[in-house]
Amino acid sequence: LAKGQTDERYLAGGAALHLLTGARVSEDVDAVFSKRVLLNEEIEVSYRDPDGRARLLYLDRNYNDTLGLLHESAHKDSQPVAFPGIDKKLIDVRVLSPIDLAVSKLSRFSDQDREDILLLAREGLIDPASLRKRAEQALGGCVGDLNSVRNSIDIACRLIESAQPPGRR
């Protein structure tokens, strides 16, 4: 990097969900970089989980946030994450906001994506009106047949509504 430049990394997927909620351990890290990065080898870390089981965490080199639904302000609205030993002046690690993480899960909308959205709702981090608004704004930057994504938005909002306590509905 040129002097004074910071490389920003944006975390999404299960790793972002874990940082936001403390739930669901992911085996991979979905991340994008603000600068071009040449990686000569796989980036992975071996560790033991709290139960003593051997685990592996790796950077998913195939992750790309341009092919799914993402609000145009998602990177700007992301939240900084501090990691010991990482100089924020060189690398600014950020996690998608809860609402943008939920929006990012709407295009694929697998069973795991639905569970993740429900978890964000149960933690009180998203609500149906905010999800609908942010997702519909994000649709403006997409091309192609958007009917399945619109259907996913409707289903996700109903799921979130059902997960909220009766007093908050």
# chains A, B, ... in the order shown; residues from 1 in each chain; ligands from 1
call {"tool": "residues_around", "arguments": {"residues": "A:Leu20", "least_positions_apart": "2", "cutoff": "9 Å", "atoms": "only C-alpha atoms", "output": "ChimeraX atom specification"}}
result
/A:15-18,22-23,95,97-98,120,125
call {"tool": "write_last_selection", "arguments": {"atoms": "C-alpha atoms", "output": "compact mmCIF listing (two decimals), in the first residue's frame"}}
result
# COMPACT_ATOMS: atom_id res chain seq x y z
CA ALA A 15 -17.92 -15.10 10.37
CA ALA A 16 -19.77 -11.77 10.42
CA LEU A 17 -22.76 -13.43 12.06
CA HIS A 18 -20.48 -14.84 14.76
CA GLY A 22 -21.50 -14.85 19.23
CA ALA A 23 -23.45 -17.70 17.66
CA VAL A 95 -18.11 -6.30 9.56
CA SER A 97 -24.06 -4.13 9.76
CA PRO A 98 -26.74 -6.60 10.89
CA LEU A 120 -30.36 -11.66 13.84
CA LEU A 125 -30.62 -6.64 15.57
call {"tool": "select_by_dssp", "arguments": {"residues": "chain A", "states": "alpha helix (DSSP H)", "output": "ChimeraX atom specification"}}
result
/A:13-21,98-104,111-122,128-139,147-163
call {"tool": "select_by_dssp", "arguments": {"residues": "stretch 34-128 of chain A", "states": "strand (DSSP E)", "output": "NGL selection string"}}
result
:A and (44-48 or 54-59 or 79-80 or 91-95)
call {"tool": "closest_residue", "arguments": {"among": "A:Gln112, A:Asn151, A:Ser26, A:Ser34", "to": "A:Asp92", "atoms": "only C-alpha atoms"}}
result
A:Ser34
call {"tool": "closest_residue", "arguments": {"among": "A:Ser148, A:Gln137, A:Ser73, A:Gln79", "to": "A:Arg108", "atoms": "only C-alpha atoms"}}
result
A:Ser148
call {"tool": "closest_residue", "arguments": {"among": "A:Leu59, A:Val103, A:Leu11, A:Arg53", "to": "A:Glu27", "atoms": "only C-alpha atoms"}}
result
A:Leu59
call {"tool": "atom_distance", "arguments": {"atom1": "atom CA of A:Leu119", "atom2": "atom CA of A:Lys133"}}
result
19.2 Å
call {"tool": "residues_around", "arguments": {"residues": "A:Arg55", "least_positions_apart": "3", "cutoff": "6 Å", "atoms": "only C-alpha atoms", "output": "PyMOL selection string"}}
result
chain A and resi 46-48
call {"tool": "write_last_selection", "arguments": {"atoms": "N, CA and C atoms", "output": "mmCIF file, in the first residue's frame"}}
result
data_model
loop_
_atom_site.group_PDB
_atom_site.id
_atom_site.type_symbol
_atom_site.label_atom_id
_atom_site.label_comp_id
_atom_site.auth_asym_id
_atom_site.auth_seq_id
_atom_site.Cartn_x
_atom_site.Cartn_y
_atom_site.Cartn_z
ATOM 1 N N SER A 46 -5.406 -22.981 12.092
ATOM 2 C CA SER A 46 -5.849 -24.136 12.883
ATOM 3 C C SER A 46 -5.970 -23.689 14.334
ATOM 4 N N TYR A 47 -7.011 -24.173 15.012
ATOM 5 C CA TYR A 47 -7.194 -23.825 16.420
ATOM 6 C C TYR A 47 -8.035 -24.896 17.097
ATOM 7 N N ARG A 48 -8.147 -24.800 18.390
ATOM 8 C CA ARG A 48 -9.012 -25.697 19.166
ATOM 9 C C ARG A 48 -10.188 -24.878 19.688
#
call {"tool": "residues_around", "arguments": {"residues": "A:Asp113", "least_positions_apart": "2", "cutoff": "10 Å", "atoms": "only C-alpha atoms", "output": "MDAnalysis selection string"}}
result
chainID A and resid 13:14 101:111 115:119 156
call {"tool": "write_last_selection", "arguments": {"atoms": "C-alpha atoms", "output": "mmCIF file, in the first residue's frame"}}
result
data_model
loop_
_atom_site.group_PDB
_atom_site.id
_atom_site.type_symbol
_atom_site.label_atom_id
_atom_site.label_comp_id
_atom_site.auth_asym_id
_atom_site.auth_seq_id
_atom_site.Cartn_x
_atom_site.Cartn_y
_atom_site.Cartn_z
ATOM 1 C CA GLY A 13 -21.335 -14.594 6.006
ATOM 2 C CA GLY A 14 -21.025 -16.839 9.042
ATOM 3 C CA LEU A 101 -25.726 -8.960 6.522
ATOM 4 C CA ALA A 102 -29.392 -10.017 6.416
ATOM 5 C CA VAL A 103 -29.865 -8.359 3.003
ATOM 6 C CA SER A 104 -26.792 -10.180 1.673
ATOM 7 C CA LYS A 105 -28.469 -13.489 2.498
ATOM 8 C CA LEU A 106 -31.655 -12.836 0.516
ATOM 9 C CA SER A 107 -30.467 -13.693 -3.000
ATOM 10 C CA ARG A 108 -29.308 -17.219 -2.180
ATOM 11 C CA PHE A 109 -31.761 -17.637 0.733
ATOM 12 C CA SER A 110 -30.750 -21.183 1.677
ATOM 13 C CA ASP A 111 -31.928 -22.845 4.873
ATOM 14 C CA GLU A 115 -31.623 -19.436 10.109
ATOM 15 C CA ASP A 116 -29.057 -16.622 10.149
ATOM 16 C CA ILE A 117 -31.738 -14.007 9.470
ATOM 17 C CA LEU A 118 -33.888 -15.479 12.237
ATOM 18 C CA LEU A 119 -30.924 -15.342 14.636
ATOM 19 C CA ALA A 156 -37.803 -13.173 5.363
#
call {"tool": "residues_around", "arguments": {"residues": "A:Ile160", "least_positions_apart": "5", "cutoff": "7 Å", "atoms": "only C-alpha atoms", "output": "PyMOL selection string"}}
result
chain A and resi 118+121+127-128
call {"tool": "write_last_selection", "arguments": {"atoms": "C-alpha atoms", "output": "mmCIF file, in the first residue's frame"}}
result
data_model
loop_
_atom_site.group_PDB
_atom_site.id
_atom_site.type_symbol
_atom_site.label_atom_id
_atom_site.label_comp_id
_atom_site.auth_asym_id
_atom_site.auth_seq_id
_atom_site.Cartn_x
_atom_site.Cartn_y
_atom_site.Cartn_z
ATOM 1 C CA LEU A 118 -33.888 -15.479 12.237
ATOM 2 C CA ALA A 121 -34.069 -11.038 14.482
ATOM 3 C CA ASP A 127 -36.791 -5.914 12.162
ATOM 4 C CA PRO A 128 -39.042 -6.636 9.162
#
call {"tool": "atom_distance", "arguments": {"atom1": "atom CA of A:Arg134", "atom2": "atom CA of A:Ser162"}}
result
19.4 Å
call {"tool": "residues_around", "arguments": {"residues": "A:Asp154", "least_positions_apart": "5", "cutoff": "9 Å", "atoms": "only C-alpha atoms", "output": "list in words"}}
result
Arg132, Val149 and Leu159 of chain A
call {"tool": "residues_around", "arguments": {"residues": "A:Asn62", "least_positions_apart": "5", "cutoff": "12 Å", "atoms": "only C-alpha atoms", "output": "list in words"}}
result
Asp28, Val29, Asp30, Ala31, Val32, Glu42 and Leu67 of chain A
call {"tool": "write_last_selection", "arguments": {"atoms": "N, CA, C and O atoms", "output": "mmCIF file, in the first residue's frame"}}
result
data_model
loop_
_atom_site.group_PDB
_atom_site.id
_atom_site.type_symbol
_atom_site.label_atom_id
_atom_site.label_comp_id
_atom_site.auth_asym_id
_atom_site.auth_seq_id
_atom_site.Cartn_x
_atom_site.Cartn_y
_atom_site.Cartn_z
ATOM 1 N N ASP A 28 -15.313 -20.924 7.298
ATOM 2 C CA ASP A 28 -14.683 -20.057 6.306
ATOM 3 C C ASP A 28 -14.980 -18.597 6.617
ATOM 4 O O ASP A 28 -15.894 -18.285 7.366
ATOM 5 N N VAL A 29 -14.164 -17.742 6.055
ATOM 6 C CA VAL A 29 -14.346 -16.304 6.198
ATOM 7 C C VAL A 29 -14.682 -15.747 4.829
ATOM 8 O O VAL A 29 -13.905 -15.883 3.881
ATOM 9 N N ASP A 30 -15.878 -15.163 4.728
ATOM 10 C CA ASP A 30 -16.284 -14.469 3.512
ATOM 11 C C ASP A 30 -15.879 -13.012 3.689
ATOM 12 O O ASP A 30 -16.372 -12.340 4.594
ATOM 13 N N ALA A 31 -14.971 -12.547 2.841
ATOM 14 C CA ALA A 31 -14.472 -11.181 2.974
ATOM 15 C C ALA A 31 -14.150 -10.613 1.601
ATOM 16 O O ALA A 31 -13.787 -11.346 0.681
ATOM 17 N N VAL A 32 -14.308 -9.309 1.487
ATOM 18 C CA VAL A 32 -13.857 -8.594 0.294
ATOM 19 C C VAL A 32 -12.853 -7.557 0.749
ATOM 20 O O VAL A 32 -12.834 -7.150 1.908
ATOM 21 N N GLU A 42 -2.996 -20.362 0.353
ATOM 22 C CA GLU A 42 -4.230 -20.361 1.130
ATOM 23 C C GLU A 42 -3.981 -19.665 2.469
ATOM 24 O O GLU A 42 -2.905 -19.783 3.044
ATOM 25 N N LEU A 67 -22.135 -10.490 -6.765
ATOM 26 C CA LEU A 67 -23.112 -11.345 -7.430
ATOM 27 C C LEU A 67 -24.398 -11.523 -6.638
ATOM 28 O O LEU A 67 -25.351 -12.092 -7.135
#
call {"tool": "closest_residue", "arguments": {"among": "A:Leu19, A:Arg9, A:Arg24, A:Leu69", "to": "A:Leu146", "atoms": "only C-alpha atoms"}}
result
A:Leu69
call {"tool": "decode", "arguments": {"residues": "stretch 5-20 of chain A", "atoms": "all heavy atoms", "output": "JSON list (two decimals), in the first residue's frame"}}
result
[["chain", "number", "residue", "atom", "x", "y", "z"],
["A", 5, "GLN", "N", -2.27, 5.00, 2.93],
["A", 5, "GLN", "CA", -3.46, 4.27, 2.49],
["A", 5, "GLN", "C", -3.77, 3.15, 3.47],
["A", 5, "GLN", "O", -2.87, 2.53, 4.01],
["A", 5, "GLN", "CB", -3.24, 3.64, 1.12],
["A", 5, "GLN", "CG", -3.37, 4.60, -0.02],
["A", 5, "GLN", "CD", -3.34, 3.84, -1.34],
["A", 5, "GLN", "OE1", -2.60, 2.89, -1.50],
["A", 5, "GLN", "NE2", -4.16, 4.27, -2.26],
["A", 6, "THR", "N", -5.05, 2.92, 3.68],
["A", 6, "THR", "CA", -5.50, 1.82, 4.52],
["A", 6, "THR", "C", -6.25, 0.84, 3.65],
["A", 6, "THR", "O", -7.07, 1.24, 2.82],
["A", 6, "THR", "CB", -6.44, 2.34, 5.63],
["A", 6, "THR", "OG1", -5.73, 3.29, 6.42],
["A", 6, "THR", "CG2", -6.94, 1.22, 6.51],
["A", 7, "ASP", "N", -5.98, -0.44, 3.82],
["A", 7, "ASP", "CA", -6.73, -1.47, 3.13],
["A", 7, "ASP", "C", -7.90, -1.85, 4.03],
["A", 7, "ASP", "O", -7.72, -2.15, 5.20],
["A", 7, "ASP", "CB", -5.84, -2.69, 2.87],
["A", 7, "ASP", "CG", -6.58, -3.79, 2.13],
["A", 7, "ASP", "OD1", -7.59, -3.49, 1.46],
["A", 7, "ASP", "OD2", -6.15, -4.94, 2.22],
["A", 8, "GLU", "N", -9.10, -1.80, 3.48],
["A", 8, "GLU", "CA", -10.27, -2.17, 4.25],
["A", 8, "GLU", "C", -10.72, -3.56, 3.84],
["A", 8, "GLU", "O", -10.73, -3.89, 2.66],
["A", 8, "GLU", "CB", -11.40, -1.16, 4.03],
["A", 8, "GLU", "CG", -11.05, 0.21, 4.57],
["A", 8, "GLU", "CD", -12.06, 1.28, 4.21],
["A", 8, "GLU", "OE1", -12.81, 1.11, 3.23],
["A", 8, "GLU", "OE2", -12.08, 2.29, 4.92],
["A", 9, "ARG", "N", -11.07, -4.37, 4.83],
["A", 9, "ARG", "CA", -11.59, -5.71, 4.60],
["A", 9, "ARG", "C", -12.98, -5.76, 5.20],
["A", 9, "ARG", "O", -13.17, -5.36, 6.36],
["A", 9, "ARG", "CB", -10.69, -6.75, 5.23],
["A", 9, "ARG", "CG", -9.39, -6.88, 4.48],
["A", 9, "ARG", "CD", -8.41, -7.76, 5.23],
["A", 9, "ARG", "NE", -7.26, -8.16, 4.43],
["A", 9, "ARG", "CZ", -6.23, -7.41, 4.17],
["A", 9, "ARG", "NH1", -6.18, -6.18, 4.63],
["A", 9, "ARG", "NH2", -5.23, -7.85, 3.44],
["A", 10, "TYR", "N", -13.93, -6.25, 4.43],
["A", 10, "TYR", "CA", -15.32, -6.30, 4.87],
["A", 10, "TYR", "C", -15.72, -7.75, 5.06],
["A", 10, "TYR", "O", -15.68, -8.54, 4.12],
["A", 10, "TYR", "CB", -16.22, -5.62, 3.84],
["A", 10, "TYR", "CG", -15.83, -4.19, 3.59],
["A", 10, "TYR", "CD1", -15.01, -3.85, 2.52],
["A", 10, "TYR", "CD2", -16.26, -3.19, 4.45],
["A", 10, "TYR", "CE1", -14.63, -2.54, 2.31],
["A", 10, "TYR", "CE2", -15.87, -1.87, 4.24],
["A", 10, "TYR", "CZ", -15.06, -1.56, 3.16],
["A", 10, "TYR", "OH", -14.69, -0.26, 2.96],
["A", 11, "LEU", "N", -16.12, -8.10, 6.28],
["A", 11, "LEU", "CA", -16.51, -9.46, 6.60],
["A", 11, "LEU", "C", -18.01, -9.63, 6.42],
["A", 11, "LEU", "O", -18.80, -8.77, 6.81],
["A", 11, "LEU", "CB", -16.13, -9.80, 8.04],
["A", 11, "LEU", "CG", -14.66, -9.71, 8.39],
["A", 11, "LEU", "CD1", -14.45, -9.98, 9.87],
["A", 11, "LEU", "CD2", -13.84, -10.68, 7.55],
["A", 12, "ALA", "N", -18.38, -10.79, 5.86],
["A", 12, "ALA", "CA", -19.79, -11.14, 5.67],
["A", 12, "ALA", "C", -19.97, -12.59, 6.10],
["A", 12, "ALA", "O", -19.08, -13.18, 6.72],
["A", 12, "ALA", "CB", -20.17, -10.94, 4.21],
["A", 13, "GLY", "N", -21.10, -13.17, 5.78],
["A", 13, "GLY", "CA", -21.33, -14.59, 6.01],
["A", 13, "GLY", "C", -21.32, -15.00, 7.47],
["A", 13, "GLY", "O", -21.59, -14.20, 8.37],
["A", 14, "GLY", "N", -21.00, -16.27, 7.70],
["A", 14, "GLY", "CA", -21.03, -16.84, 9.04],
["A", 14, "GLY", "C", -20.04, -16.19, 10.00],
["A", 14, "GLY", "O", -20.32, -16.06, 11.19],
["A", 15, "ALA", "N", -18.89, -15.77, 9.50],
["A", 15, "ALA", "CA", -17.92, -15.10, 10.37],
["A", 15, "ALA", "C", -18.48, -13.78, 10.87],
["A", 15, "ALA", "O", -18.32, -13.43, 12.05],
["A", 15, "ALA", "CB", -16.60, -14.88, 9.63],
["A", 16, "ALA", "N", -19.15, -13.03, 10.00],
["A", 16, "ALA", "CA", -19.77, -11.77, 10.42],
["A", 16, "ALA", "C", -20.89, -12.05, 11.42],
["A", 16, "ALA", "O", -21.02, -11.35, 12.43],
["A", 16, "ALA", "CB", -20.32, -11.03, 9.20],
["A", 17, "LEU", "N", -21.68, -13.08, 11.14],
["A", 17, "LEU", "CA", -22.76, -13.43, 12.06],
["A", 17, "LEU", "C", -22.21, -13.76, 13.44],
["A", 17, "LEU", "O", -22.75, -13.34, 14.46],
["A", 17, "LEU", "CB", -23.57, -14.61, 11.50],
["A", 17, "LEU", "CG", -24.81, -14.91, 12.30],
["A", 17, "LEU", "CD1", -25.93, -13.95, 11.92],
["A", 17, "LEU", "CD2", -25.25, -16.34, 12.08],
["A", 18, "HIS", "N", -21.10, -14.49, 13.48],
["A", 18, "HIS", "CA", -20.48, -14.84, 14.76],
["A", 18, "HIS", "C", -20.00, -13.59, 15.50],
["A", 18, "HIS", "O", -20.20, -13.45, 16.71],
["A", 18, "HIS", "CB", -19.32, -15.81, 14.56],
["A", 18, "HIS", "CG", -18.66, -16.20, 15.83],
["A", 18, "HIS", "ND1", -19.23, -17.09, 16.71],
["A", 18, "HIS", "CD2", -17.51, -15.79, 16.40],
["A", 18, "HIS", "CE1", -18.44, -17.23, 17.77],
["A", 18, "HIS", "NE2", -17.38, -16.45, 17.60],
["A", 19, "LEU", "N", -19.38, -12.66, 14.78],
["A", 19, "LEU", "CA", -18.90, -11.43, 15.42],
["A", 19, "LEU", "C", -20.06, -10.61, 15.97],
["A", 19, "LEU", "O", -19.93, -9.96, 17.01],
["A", 19, "LEU", "CB", -18.09, -10.60, 14.43],
["A", 19, "LEU", "CG", -16.69, -11.12, 14.13],
["A", 19, "LEU", "CD1", -16.06, -10.32, 12.99],
["A", 19, "LEU", "CD2", -15.80, -11.07, 15.36],
["A", 20, "LEU", "N", -21.20, -10.62, 15.27],
["A", 20, "LEU", "CA", -22.35, -9.82, 15.69],
["A", 20, "LEU", "C", -23.16, -10.46, 16.81],
["A", 20, "LEU", "O", -23.77, -9.76, 17.61],
["A", 20, "LEU", "CB", -23.26, -9.53, 14.50],
["A", 20, "LEU", "CG", -22.68, -8.63, 13.41],
["A", 20, "LEU", "CD1", -23.57, -8.63, 12.18],
["A", 20, "LEU", "CD2", -22.52, -7.20, 13.94]]
